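Content type mmCIF, C-alpha atoms and all ligand atoms, from the file start26.cif:
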data_target
loop_
_atom_site.label_atom_id
_atom_site.label_comp_id
_atom_site.auth_asym_id
_atom_site.auth_seq_id
_atom_site.Cartn_x
_atom_site.Cartn_y
_atom_site.Cartn_z
CA MET A 1 0.00 0.00 0.00
CA ALA A 2 2.55 2.60 1.12
CA GLY A 3 5.00 1.62 -1.60
CA VAL A 4 2.60 1.95 -4.51
CA ARG A 5 0.95 5.05 -3.01
CA THR A 6 4.40 6.68 -2.88
CA ALA A 7 4.97 5.87 -6.55
CA VAL A 8 1.56 7.28 -7.51
CA ALA A 9 2.03 10.39 -5.36
CA LEU A 10 5.44 11.05 -6.94
CA ARG A 11 3.84 11.10 -10.39
CA GLU A 12 0.98 13.28 -9.11
CA ARG A 13 3.65 15.71 -7.88
CA GLY A 14 5.16 15.82 -11.34
CA PHE A 15 8.25 13.79 -10.47
CA ASP A 16 9.49 12.51 -13.83
CA GLY A 17 12.53 10.41 -12.90
CA PRO A 18 12.46 6.60 -13.00
CA VAL A 19 10.37 4.98 -10.25
CA THR A 20 10.75 1.28 -9.41
CA VAL A 21 8.58 -0.61 -6.92
CA ILE A 22 10.15 -3.85 -5.67
CA GLY A 23 7.85 -6.29 -3.86
CA ALA A 24 8.46 -9.77 -2.49
CA GLU A 25 4.94 -11.00 -3.20
CA PRO A 26 4.23 -12.28 -6.72
CA HIS A 27 0.76 -10.71 -6.92
CA GLN A 28 -0.27 -7.38 -8.37
CA PRO A 29 -0.11 -4.90 -5.44
CA TYR A 30 -3.29 -5.24 -3.41
CA ASP A 31 -5.22 -3.83 -0.49
CA ARG A 32 -5.15 -5.76 2.79
CA PRO A 33 -8.35 -4.77 4.66
CA PRO A 34 -10.59 -6.91 2.38
CA LEU A 35 -8.47 -9.97 3.27
CA SER A 36 -10.21 -10.30 6.63
CA LYS A 37 -13.59 -9.40 5.14
CA ALA A 38 -14.94 -9.88 1.58
CA VAL A 39 -11.94 -11.80 0.20
CA LEU A 40 -12.12 -14.28 3.06
CA LEU A 41 -15.81 -14.87 2.52
CA GLY A 42 -15.42 -15.18 -1.23
CA THR A 43 -17.70 -12.23 -1.95
CA ALA A 44 -14.70 -10.50 -3.59
CA GLU A 45 -12.16 -12.37 -5.71
CA GLY A 46 -9.21 -10.19 -4.92
CA SER A 47 -8.33 -6.66 -3.89
CA ALA A 48 -5.70 -5.54 -6.40
CA PHE A 49 -5.29 -1.77 -6.58
CA ASP A 50 -6.84 -0.19 -9.64
CA ILE A 51 -3.63 1.55 -10.70
CA ASP A 52 -2.26 1.62 -14.25
CA PHE A 53 1.45 1.35 -13.46
CA GLU A 54 2.38 1.29 -17.13
CA ALA A 55 0.57 4.54 -17.85
CA LEU A 56 2.32 6.08 -14.82
CA ASP A 57 5.66 4.79 -16.10
CA VAL A 58 6.28 3.00 -12.80
CA GLU A 59 8.29 -0.19 -13.05
CA LEU A 60 6.99 -3.05 -10.91
CA ARG A 61 9.41 -5.80 -9.94
CA LEU A 62 7.21 -8.40 -8.29
CA GLY A 63 8.28 -11.62 -6.60
CA VAL A 64 11.61 -9.95 -5.82
CA GLU A 65 12.79 -9.80 -2.22
CA VAL A 66 15.28 -7.20 -1.07
CA THR A 67 17.73 -9.07 1.15
CA ARG A 68 20.03 -6.23 2.14
CA VAL A 69 20.34 -2.47 1.99
CA ARG A 70 23.80 -0.99 1.45
CA THR A 71 23.42 2.67 2.22
CA ASP A 72 27.07 3.58 1.49
CA ALA A 73 26.81 2.23 -2.05
CA HIS A 74 23.21 3.48 -2.49
CA GLU A 75 22.19 -0.04 -3.54
CA VAL A 76 19.80 -2.75 -2.44
CA ASP A 77 20.53 -6.45 -2.98
CA THR A 78 18.08 -8.93 -4.45
CA ALA A 79 18.49 -12.53 -5.64
CA ALA A 80 18.43 -11.08 -9.17
CA GLY A 81 21.30 -8.69 -8.42
CA ALA A 82 21.91 -5.26 -6.94
CA VAL A 83 19.58 -2.34 -7.67
CA PRO A 84 21.02 1.18 -7.36
CA TYR A 85 19.01 4.10 -6.00
CA ASP A 86 19.22 7.86 -5.70
CA VAL A 87 16.41 7.80 -3.15
CA LEU A 88 15.17 4.71 -1.32
CA VAL A 89 11.71 4.48 0.24
CA LEU A 90 11.31 1.69 2.78
CA ALA A 91 7.70 0.52 2.77
CA THR A 92 8.08 -3.09 3.83
CA GLY A 93 5.04 -3.16 6.12
CA ALA A 94 4.75 -5.55 9.04
CA GLU A 95 4.88 -9.28 9.67
CA PRO A 96 2.53 -11.16 11.96
CA VAL A 97 3.97 -12.24 15.30
CA THR A 98 4.02 -16.04 15.45
CA LEU A 99 2.92 -18.19 18.37
CA PRO A 100 5.91 -20.04 19.86
CA GLY A 101 5.75 -23.72 18.96
CA SER A 102 3.17 -23.23 16.23
CA VAL A 103 5.33 -22.36 13.23
CA GLY A 104 5.07 -25.03 10.54
CA VAL A 105 2.41 -26.99 12.48
CA PRO A 106 -0.21 -28.19 9.96
CA GLY A 107 -3.53 -26.39 10.34
CA VAL A 108 -2.04 -23.25 11.92
CA HIS A 109 -2.47 -20.06 9.90
CA LEU A 110 -1.61 -16.37 9.94
CA LEU A 111 -3.58 -13.68 8.13
CA ARG A 112 -1.46 -11.05 6.46
CA THR A 113 -1.24 -11.85 2.76
CA LEU A 114 -3.48 -12.74 -0.15
CA ASP A 115 -1.99 -16.24 -0.06
CA ASP A 116 -2.97 -16.55 3.62
CA ALA A 117 -6.54 -15.52 2.78
CA ALA A 118 -6.64 -17.95 -0.17
CA ARG A 119 -5.60 -20.80 2.15
CA LEU A 120 -8.21 -19.85 4.75
CA ARG A 121 -11.14 -19.27 2.43
CA PRO A 122 -11.90 -22.97 1.69
CA LEU A 123 -11.58 -23.80 5.40
CA LEU A 124 -14.38 -21.35 6.14
CA ALA A 125 -16.44 -22.61 3.21
CA GLU A 126 -16.05 -26.18 4.58
CA LYS A 127 -17.22 -24.94 8.00
CA HIS A 128 -14.29 -26.25 9.99
CA ASP A 129 -14.20 -25.64 13.74
CA ILE A 130 -12.03 -22.56 14.06
CA VAL A 131 -9.86 -21.47 16.96
CA VAL A 132 -8.59 -17.90 16.79
CA VAL A 133 -5.65 -17.06 19.03
CA GLY A 134 -5.78 -13.37 19.98
CA ALA A 135 -8.80 -11.09 20.43
CA GLY A 136 -7.26 -8.06 18.72
CA TRP A 137 -8.51 -6.30 15.58
CA ILE A 138 -7.53 -9.11 13.17
CA GLY A 139 -8.78 -11.84 15.52
CA ALA A 140 -12.16 -10.13 15.88
CA GLU A 141 -12.53 -9.63 12.14
CA PHE A 142 -11.53 -13.20 11.35
CA ALA A 143 -13.93 -14.54 14.00
CA THR A 144 -16.68 -12.43 12.43
CA ALA A 145 -16.03 -13.82 8.94
CA ALA A 146 -15.82 -17.39 10.25
CA ARG A 147 -19.17 -17.01 12.03
CA GLN A 148 -20.68 -15.52 8.89
CA ALA A 149 -19.46 -18.61 7.03
CA GLY A 150 -21.21 -20.79 9.63
CA CYS A 151 -18.14 -22.11 11.46
CA ALA A 152 -18.00 -22.85 15.19
CA VAL A 153 -15.55 -20.25 16.53
CA THR A 154 -13.57 -20.10 19.77
CA VAL A 155 -11.32 -17.12 20.44
CA VAL A 156 -8.52 -17.67 22.93
CA GLU A 157 -7.14 -14.52 24.55
CA ALA A 158 -4.39 -14.42 27.17
CA ALA A 159 -5.46 -11.04 28.58
CA ASP A 160 -8.63 -10.49 30.59
CA ARG A 161 -10.43 -8.75 27.73
CA PRO A 162 -10.31 -8.16 23.97
CA LEU A 163 -8.12 -5.39 22.53
CA ALA A 164 -6.08 -5.29 25.73
CA GLY A 165 -3.09 -3.79 23.89
CA THR A 166 -4.98 -0.78 22.54
CA MET A 167 -8.08 -0.03 24.64
CA PRO A 168 -8.56 0.50 28.39
CA ALA A 169 -10.67 -2.03 30.29
CA GLU A 170 -13.78 0.16 30.56
CA VAL A 171 -13.88 0.55 26.78
CA ALA A 172 -13.02 -3.03 25.81
CA ALA A 173 -15.13 -4.82 28.43
CA PRO A 174 -18.48 -4.13 26.69
CA MET A 175 -16.96 -5.31 23.41
CA ALA A 176 -16.41 -8.78 24.92
CA ALA A 177 -20.18 -9.29 24.79
CA TRP A 178 -20.16 -8.91 20.98
CA TYR A 179 -18.47 -12.31 20.61
CA ALA A 180 -21.27 -14.21 22.36
CA GLN A 181 -23.94 -12.16 20.59
CA TYR A 182 -22.43 -13.32 17.31
CA GLY A 183 -22.23 -16.95 18.45
CA ALA A 184 -18.46 -17.02 19.03
CA GLU A 185 -17.01 -18.21 22.32
CA LEU A 186 -14.42 -15.84 23.82
CA LEU A 187 -12.08 -17.38 26.40
CA THR A 188 -10.15 -14.67 28.22
CA GLY A 189 -7.22 -15.25 30.58
CA ALA A 190 -6.56 -18.34 28.45
CA ARG A 191 -3.07 -19.33 27.33
CA VAL A 192 -2.24 -21.80 24.60
CA ALA A 193 -0.09 -24.61 26.00
CA GLY A 194 0.21 -26.52 22.75
CA ILE A 195 -1.37 -27.34 19.43
CA GLU A 196 -2.16 -30.95 18.54
CA PRO A 197 -3.69 -32.35 15.38
CA GLY A 198 -7.33 -31.24 15.56
CA ALA A 199 -7.15 -29.37 18.88
CA VAL A 200 -5.68 -26.45 20.76
CA VAL A 201 -4.64 -27.36 24.29
CA LEU A 202 -4.91 -24.58 26.87
CA ALA A 203 -2.83 -24.14 30.02
CA GLY A 204 -4.97 -25.97 32.55
CA GLY A 205 -5.62 -28.85 30.17
CA ARG A 206 -8.77 -27.89 28.28
CA ARG A 207 -8.74 -29.15 24.67
CA VAL A 208 -10.58 -26.96 22.19
CA PRO A 209 -11.44 -28.77 18.91
CA ALA A 210 -9.81 -27.00 15.96
CA GLY A 211 -10.09 -27.86 12.29
CA ALA A 212 -8.00 -24.74 11.75
CA VAL A 213 -6.15 -22.33 14.02
CA VAL A 214 -5.64 -18.69 13.12
CA VAL A 215 -3.04 -16.77 15.07
CA GLY A 216 -3.65 -13.02 15.35
CA ILE A 217 -1.43 -11.86 18.18
CA GLY A 218 0.05 -8.74 16.63
CA ALA A 219 2.50 -7.64 13.99
CA ARG A 220 6.05 -6.31 13.97
CA PRO A 221 7.70 -4.04 11.40
CA ALA A 222 9.28 -6.08 8.60
CA THR A 223 12.76 -4.65 8.92
CA GLY A 224 14.99 -7.75 8.95
CA LEU A 225 16.45 -6.67 5.59
CA LEU A 226 18.01 -3.66 7.33
CA ALA A 227 20.39 -5.69 9.55
CA GLY A 228 23.86 -4.22 9.12
CA SER A 229 22.58 -1.29 7.05
CA GLY A 230 23.27 1.27 9.77
CA ILE A 231 19.67 2.48 9.51
CA GLU A 232 18.40 3.11 13.02
CA LEU A 233 15.63 0.83 14.32
CA GLY A 234 13.65 1.38 17.52
CA PRO A 235 13.05 -1.20 20.26
CA ASP A 236 9.78 -2.05 18.47
CA GLY A 237 11.77 -2.97 15.35
CA ALA A 238 10.45 0.03 13.39
CA VAL A 239 12.62 2.29 11.27
CA VAL A 240 13.09 5.44 13.36
CA ALA A 241 11.95 8.12 10.93
CA ASP A 242 12.18 11.85 11.57
CA ARG A 243 9.28 14.30 11.26
CA TYR A 244 9.76 14.36 7.48
CA LEU A 245 9.70 10.52 7.33
CA ARG A 246 13.44 10.36 6.62
CA ALA A 247 15.37 7.38 8.01
CA SER A 248 18.76 7.86 9.66
CA ALA A 249 20.75 7.22 6.44
CA PRO A 250 21.03 9.81 3.67
CA ASP A 251 18.39 9.64 0.91
CA VAL A 252 16.32 6.99 2.68
CA TYR A 253 12.67 7.47 3.67
CA ALA A 254 10.42 5.09 5.60
CA VAL A 255 6.64 5.00 5.56
CA GLY A 256 3.65 2.86 6.54
CA ASP A 257 3.65 -0.06 8.99
CA CYS A 258 7.47 -0.35 9.01
CA ALA A 259 8.23 3.12 10.37
CA SER A 260 7.65 5.15 13.52
CA TYR A 261 7.65 8.95 13.48
CA PRO A 262 7.71 11.66 16.14
CA SER A 263 4.31 13.33 16.58
CA ASP A 264 4.35 16.90 17.89
CA ARG A 265 0.58 16.69 18.15
CA TYR A 266 0.76 13.85 20.68
CA GLY A 267 4.21 14.52 22.15
CA GLU A 268 5.47 11.02 21.47
CA ARG A 269 6.78 8.74 18.75
CA LEU A 270 4.00 6.80 17.02
CA LEU A 271 4.08 3.45 15.24
CA VAL A 272 0.79 3.17 13.39
CA HIS A 273 -0.29 -0.12 11.80
CA HIS A 274 -3.34 1.11 9.95
CA TRP A 275 -4.44 1.70 6.39
CA ASP A 276 -4.88 5.48 6.57
CA ASN A 277 -1.24 5.91 7.65
CA ALA A 278 -0.16 3.99 4.55
CA LEU A 279 -2.27 6.40 2.48
CA GLN A 280 -1.26 9.73 4.08
CA GLY A 281 2.43 9.06 4.74
CA PRO A 282 3.29 8.49 1.06
CA ARG A 283 1.95 11.96 0.19
CA THR A 284 4.46 13.49 2.60
CA VAL A 285 7.29 11.27 1.35
CA ALA A 286 6.53 12.14 -2.28
CA ALA A 287 6.31 15.85 -1.46
CA ASN A 288 9.67 15.71 0.31
CA ILE A 289 11.39 13.75 -2.46
CA ALA A 290 9.97 15.93 -5.22
CA GLY A 291 10.32 19.21 -3.32
CA GLY A 292 13.92 18.83 -2.17
CA ASP A 293 15.55 19.58 1.19
CA GLU A 294 14.70 23.31 1.30
CA ASP A 295 10.97 22.83 1.47
CA LEU A 296 10.35 19.76 3.64
CA GLU A 297 6.82 18.90 4.76
CA PRO A 298 6.37 17.44 8.26
CA TYR A 299 4.12 14.41 8.87
CA ASP A 300 1.80 14.68 11.84
CA PRO A 301 -1.75 13.62 10.91
CA VAL A 302 -4.60 12.66 13.21
CA PRO A 303 -4.32 8.86 12.95
CA TYR A 304 -7.48 7.03 11.83
CA PHE A 305 -8.61 3.45 11.45
CA TRP A 306 -11.74 1.38 11.17
CA SER A 307 -12.69 -2.21 11.87
CA GLU A 308 -15.73 -4.22 10.83
CA GLN A 309 -16.55 -6.76 13.49
CA PHE A 310 -19.60 -8.64 14.77
CA GLY A 311 -21.93 -6.62 12.56
CA ARG A 312 -20.54 -3.32 13.84
CA PHE A 313 -18.57 -0.54 12.22
CA VAL A 314 -15.90 0.57 14.68
CA GLN A 315 -13.87 3.69 13.98
CA TYR A 316 -11.09 5.40 15.90
CA ALA A 317 -9.38 8.73 15.34
CA GLY A 318 -6.49 10.34 17.20
CA HIS A 319 -4.27 8.83 19.86
CA HIS A 320 -4.89 8.51 23.60
CA GLY A 321 -2.72 7.79 26.61
CA ALA A 322 -3.51 6.34 30.02
CA ALA A 323 -3.49 9.83 31.58
CA ASP A 324 -6.20 11.24 29.29
CA THR A 325 -9.73 11.74 30.64
CA LEU A 326 -12.23 9.24 29.29
CA LEU A 327 -15.75 10.40 28.56
CA ARG A 328 -18.60 8.10 27.56
CA ARG A 329 -21.12 9.24 25.00
CA GLY A 330 -24.01 6.81 24.93
CA ASP A 331 -24.62 3.41 26.49
CA PRO A 332 -22.16 0.68 25.37
CA ALA A 333 -24.91 -1.92 25.75
CA GLU A 334 -26.67 -0.22 22.81
CA ASP A 335 -25.78 -0.66 19.13
CA SER A 336 -24.12 2.74 18.78
CA TRP A 337 -22.00 4.71 21.22
CA SER A 338 -18.76 6.64 21.39
CA VAL A 339 -15.94 7.19 23.81
CA LEU A 340 -13.95 10.41 23.92
CA TRP A 341 -10.52 11.11 25.37
CA LEU A 342 -9.72 14.64 26.55
CA ARG A 343 -6.35 16.14 27.43
CA ASP A 344 -6.52 19.48 29.24
CA GLY A 345 -10.13 19.66 28.06
CA ALA A 346 -9.25 19.24 24.38
CA LEU A 347 -10.40 16.24 22.37
CA VAL A 348 -7.39 14.05 21.49
CA ALA A 349 -9.07 10.79 20.44
CA LEU A 350 -12.40 9.10 19.97
CA LEU A 351 -13.79 5.65 19.35
CA ALA A 352 -17.12 5.55 17.55
CA VAL A 353 -19.18 2.38 17.30
CA GLY A 354 -21.86 2.62 14.63
CA ILE A 355 -21.77 6.45 14.56
CA PRO A 356 -19.74 7.65 11.57
CA ARG A 357 -21.08 11.16 12.21
CA ASP A 358 -19.38 11.34 15.62
CA LEU A 359 -16.19 10.12 14.01
CA ALA A 360 -16.29 12.69 11.21
CA GLN A 361 -17.04 15.58 13.56
CA GLY A 362 -14.62 14.33 16.21
CA ARG A 363 -11.77 14.02 13.73
CA LYS A 364 -12.17 17.68 12.77
CA LEU A 365 -12.34 18.72 16.43
CA ILE A 366 -9.13 16.80 17.15
CA MET A 367 -7.40 18.46 14.21
CA SER A 368 -8.39 21.91 15.39
CA GLY A 369 -7.48 21.14 19.02
CA ALA A 370 -11.00 22.06 20.14
CA VAL A 371 -11.78 22.23 23.87
CA LEU A 372 -15.10 20.51 24.65
CA ASP A 373 -17.82 21.16 27.20
CA PRO A 374 -17.73 17.73 28.88
CA GLU A 375 -21.41 17.72 29.82
CA ARG A 376 -22.58 18.45 26.29
CA ALA A 377 -19.99 16.10 24.78
CA ALA A 378 -21.28 13.24 26.95
CA ASP A 379 -24.85 13.80 25.75
CA PRO A 380 -25.44 11.78 22.55
CA SER A 381 -28.44 13.94 21.67
CA VAL A 382 -26.10 16.93 21.21
CA PRO A 383 -24.11 16.82 17.94
CA LEU A 384 -20.47 16.42 18.92
CA LYS A 385 -19.42 19.56 17.03
CA ALA A 386 -21.92 21.55 19.10
CA ALA A 387 -20.02 20.53 22.26
CA ALA A 388 -16.99 22.63 21.28
CA ARG A 389 -16.46 25.62 23.60
C1 LIG B 401 -5.97 -8.84 7.13
C2 LIG B 401 -5.78 -7.39 7.37
C3 LIG B 401 -6.87 -6.56 7.54
C4 LIG B 401 -6.71 -5.19 7.78
N1 LIG B 401 -7.79 -4.41 7.96
C5 LIG B 401 -7.65 -3.10 8.24
C6 LIG B 401 -8.78 -2.29 8.49
O1 LIG B 401 -9.92 -2.75 8.46
N2 LIG B 401 -8.56 -0.97 8.77
C7 LIG B 401 -7.32 -0.42 8.84
O2 LIG B 401 -7.19 0.78 9.12
N3 LIG B 401 -6.22 -1.18 8.61
C8 LIG B 401 -6.36 -2.50 8.31
N4 LIG B 401 -5.24 -3.28 8.08
C9 LIG B 401 -3.90 -2.66 8.14
C10 LIG B 401 -3.45 -2.13 6.77
O3 LIG B 401 -3.76 -3.02 5.76
C11 LIG B 401 -1.94 -1.87 6.84
O4 LIG B 401 -1.72 -0.87 7.79
C12 LIG B 401 -1.36 -1.47 5.48
O5 LIG B 401 -1.45 -2.52 4.57
C13 LIG B 401 0.09 -1.06 5.66
O6 LIG B 401 0.65 -0.78 4.41
P1 LIG B 401 2.22 -0.94 4.17
O7 LIG B 401 2.44 -0.59 2.75
O8 LIG B 401 2.97 -0.24 5.23
O9 LIG B 401 2.51 -2.50 4.36
P2 LIG B 401 2.02 -3.74 3.51
O10 LIG B 401 0.66 -3.51 2.96
O11 LIG B 401 2.22 -4.94 4.39
O12 LIG B 401 3.03 -3.84 2.29
C14 LIG B 401 4.39 -4.14 2.48
C15 LIG B 401 4.86 -4.96 1.31
O13 LIG B 401 6.28 -5.02 1.36
C16 LIG B 401 6.71 -6.31 0.99
N5 LIG B 401 8.03 -6.56 1.55
C17 LIG B 401 8.38 -6.69 2.86
N6 LIG B 401 9.69 -6.94 2.98
C18 LIG B 401 10.19 -6.95 1.72
C19 LIG B 401 11.51 -7.16 1.18
N7 LIG B 401 12.55 -7.39 1.97
N8 LIG B 401 11.65 -7.11 -0.16
C20 LIG B 401 10.59 -6.87 -0.97
N9 LIG B 401 9.34 -6.67 -0.51
C21 LIG B 401 9.15 -6.71 0.81
C22 LIG B 401 5.64 -7.20 1.59
O14 LIG B 401 5.65 -8.46 0.93
C23 LIG B 401 4.38 -6.41 1.35
O15 LIG B 401 3.78 -6.75 0.14
C24 LIG B 401 -5.40 -4.65 7.85
C25 LIG B 401 -4.28 -5.50 7.68
C26 LIG B 401 -4.46 -6.84 7.45
C27 LIG B 401 -3.26 -7.74 7.30
#

For this file, write the structure as structure tokens.
Amino acid sequence: MAGVRTAVALRERGFDGPVTVIGAEPHQPYDRPPLSKAVLLGTAEGSAFDIDFEALDVELRLGVEVTRVRTDAHEVDTAAGAVPYDVLVLATGAEPVTLPGSVGVPGVHLLRTLDDAARLRPLLAEKHDIVVVGAGWIGAEFATAARQAGCAVTVVEAADRPLAGTMPAEVAAPMAAWYAQYGAELLTGARVAGIEPGAVVLAGGRRVPAGAVVVGIGARPATGLLAGSGIELGPDGAVVADRYLRASAPDVYAVGDCASYPSDRYGERLLVHHWDNALQGPRTVAANIAGGDEDLEPYDPVPYFWSEQFGRFVQYAGHHGAADTLLRRGDPAEDSWSVLWLRDGALVALLAVGIPRDLAQGRKLIMSGAVLDPERAADPSVPLKAAAR
């Protein structure tokens, strides 16, 4: 996503030098969100981007893995030989975290690529018993698709609630009920002790029947190719980009799931693994490549993502921390509600379940740094924008 969007944005900016996109996967570049939704259910065949690379004069080298980056020589290595660059854009995305002891075990799957989705699709169509490990965003979406396909679904989560890595308990706790409402069993505080043919064994001895196991326990930046390159990586494995999305080596940019960047807006470095970041970041990278060093554009958007799970449309904008004040807007037992996070009275983030209008208004309020009247903001009958002071 971020790689091809950078190429397109460069052409939109009038950049007329040669542009080459190198990608390890053999497929035409494609969009990932449908992989856990329509592509999985077979209601969409694929999700290739509708981009005419030939007309844009962008060279695609597919099925080619970059094994090493040599910044001194301004070259990257591939099995087919070295490729020189004037400017290198790292857009290698992320790789799913694997469950120890499960790699290579028959019947255990990840969900990151089109090939993963193609392997999983017939298993859903055949209505296998499915065990999902991890109640995060991907786990919830996969569980949703598997239930829609008519599979028995058990979700095994080590934490005491879903989305434990991203949402506080009071926000995530009501979301746990969605699993049962959709006919999926959610086991929290449950650790996988081992995987046997046809079953997942939990610590404590319970055996959960599993025709297929899908592991969705997070993703890490795909930056293994940068070993020895001198390009700085953070403790999270992400390329440490600056506010212009430049990596620590000359003429190297990093964008999308593989890179973290310092946000002035939130006063911390952010690593965002969501689609919108892979859309917005490339515009900044292209502007900075095409514009030259004198006129650099900083990158500091209001992050945004969505998830479709258990018949609900969940959207989030901004970024919150544990110290921010949480404000409920509506009853989480209902179909639609929102949660707001305020810092010094200003809206910094919101989660909207089934209320795209709150999301759209909230996103603008976050961008403008609006201070909200908490009483009005907590009242769902008052339009969110009317709660600004
Ligand atoms: C199943 C699924 C569902 C999702 N749903 C949503 C959603 O509903 N909403 C949302 O906001 N976000 C969603 N996302 C997240 C979103 O798709 C990602 O944030 C986005 O794809 C990131 O784009 P990227 O270009 O950084 O990485 P990617 O799209 O992962 O692209 C990176 C590419 O680089 C290639 N590559 C890596 N290393 C090398 C190498 N050494 N040499 C050559 N090529 C290499 C990879 O093969 C890959 O094709 C979803 C992700 C997945 C996996």

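Using all atoms listed in the file for every distance, the candidate list A:His273, A:Arg312, A:His74, A:Arg246 yields A:His273 as the residue closest to ligand LIG 401 (chain B).
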
Residues near Arg265 (chain A), anyone? I mean within 10 Å using all atoms listed in the file, not counting same-chain ones fewer than 2 positions away, as a tab-separated table (two decimals) with C-alpha atoms, in the coordinates of the input.
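Listed below is the output, result_16.tsv:
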chain	number	residue	atom	x	y	z
A	262	PRO	CA	7.71	11.66	16.14
A	263	SER	CA	4.31	13.33	16.58
A	267	GLY	CA	4.21	14.52	22.15
A	268	GLU	CA	5.47	11.02	21.47
A	300	ASP	CA	1.80	14.68	11.84
A	301	PRO	CA	-1.75	13.62	10.91
A	302	VAL	CA	-4.60	12.66	13.21
A	318	GLY	CA	-6.49	10.34	17.20
A	319	HIS	CA	-4.27	8.83	19.86
A	348	VAL	CA	-7.39	14.05	21.49
A	366	ILE	CA	-9.13	16.80	17.15
A	367	MET	CA	-7.40	18.46	14.21
A	369	GLY	CA	-7.48	21.14	19.02

Closest contacts (chain A/ligand LIG 401 (chain B), max 7 Å, only C-alpha atoms and all ligand atoms) as a tab-separated table:
residue	atom	partner	partner_atom	distance
A:Met1	CA	B:LIG401	O7	3.7
A:Ala2	CA	B:LIG401	O7	3.6
A:Gly3	CA	B:LIG401	O7	5.5
A:Ile22	CA	B:LIG401	C20	5.6
A:Gly23	CA	B:LIG401	N9	3.7
A:Ala24	CA	B:LIG401	N9	3.8
A:Glu25	CA	B:LIG401	O14	4.9
A:Asp31	CA	B:LIG401	O5	6.4
A:Arg32	CA	B:LIG401	O3	4.3
A:Pro33	CA	B:LIG401	N1	3.4
A:Pro34	CA	B:LIG401	C3	6.4
A:Leu35	CA	B:LIG401	C1	4.7
A:Ser36	CA	B:LIG401	C1	4.5
A:Val64	CA	B:LIG401	C20	5.8
A:Glu65	CA	B:LIG401	N8	3.6
A:Val66	CA	B:LIG401	N8	3.7
A:Thr67	CA	B:LIG401	N7	5.5
A:Ala91	CA	B:LIG401	O7	5.4
A:Thr92	CA	B:LIG401	O13	3.6
A:Gly93	CA	B:LIG401	O9	3.2
A:Ala94	CA	B:LIG401	O11	5.3
A:Leu111	CA	B:LIG401	C1	5.5
A:Arg112	CA	B:LIG401	C27	3.9
A:Thr113	CA	B:LIG401	C27	6.4
A:Ile138	CA	B:LIG401	C3	6.2
A:Ala222	CA	B:LIG401	N6	5.7
A:Leu225	CA	B:LIG401	N7	5.4
A:Val255	CA	B:LIG401	O8	6.4
A:Gly256	CA	B:LIG401	O8	3.4
A:Asp257	CA	B:LIG401	O8	3.8
A:Cys258	CA	B:LIG401	O8	5.9
A:His273	CA	B:LIG401	O4	4.3
A:His274	CA	B:LIG401	O4	3.3
A:Trp275	CA	B:LIG401	C10	4.0
A:Asp276	CA	B:LIG401	O2	5.8
A:Asn277	CA	B:LIG401	O4	6.8
A:Ala278	CA	B:LIG401	O6	4.8
A:Tyr304	CA	B:LIG401	O2	6.8
A:Phe305	CA	B:LIG401	O2	3.8
A:Trp306	CA	B:LIG401	N2	4.6
A:Ser307	CA	B:LIG401	O1	4.4
A:Glu308	CA	B:LIG401	O1	6.4

Residue with the minimum atom-to-atom distance to Asp236 (chain A), picked from A:Ile217, A:Val272, A:Ala346, A:Leu202 with only C-alpha atoms counted, is A:Val272

With distances taken over only C-alpha atoms, the candidate from A:Val105, A:Leu10, A:Val314, A:Val39 nearest Val58 (chain A) is A:Leu10

Can you list every residue of region 286-321 of chain A that has an atom at most 12 Å from region 81-90 of chain A, with its nearest atom pair and the distance in Å to one decimal, using all atoms listed in the file, ordered by chain then number, as a Markdown table?
| residue | atom | partner | partner_atom | distance |
| --- | --- | --- | --- | --- |
| A:Ala286 | CA | A:Val89 | CA | 9.6 |
| A:Asn288 | CA | A:Val87 | CA | 11.0 |
| A:Ile289 | CA | A:Val87 | CA | 7.8 |
| A:Ala290 | CA | A:Val87 | CA | 10.6 |
| A:Gly292 | CA | A:Val87 | CA | 11.3 |

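Atom to atom, CA of Asp115 (chain A) and CA of Val69 (chain A) stand 26.3 Å apart.
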
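Taking only C-alpha atoms into account, Ala140 (chain A) lies nearest to A:Phe310 out of the set A:Tyr266, A:Trp337, A:Phe310, A:Tyr316.
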
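For the residues A:Ala38, A:Glu196, A:Tyr253, A:Asp379, ranking by smallest atom-to-atom distance to Arg328 (chain A) using all atoms listed in the file places A:Asp379 first.
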
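The space separating CA of Asp324 (chain A) from CA of Pro356 (chain A) comes to 22.6 Å.
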
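What separates CA of Gly354 (chain A) from CA of Gly311 (chain A) is a distance of 9.5 Å.
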
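Using only C-alpha atoms, the residues found no farther than 9 Å from Tyr261 (chain A), other than those of its own chain fewer than 3 positions away, are Val239, Val240, Ala241, Asp242, Arg243, Tyr244, Leu245, Val255, Glu268, Arg269, Leu270, Leu271, Val272, Tyr299 and Asp300 of chain A.
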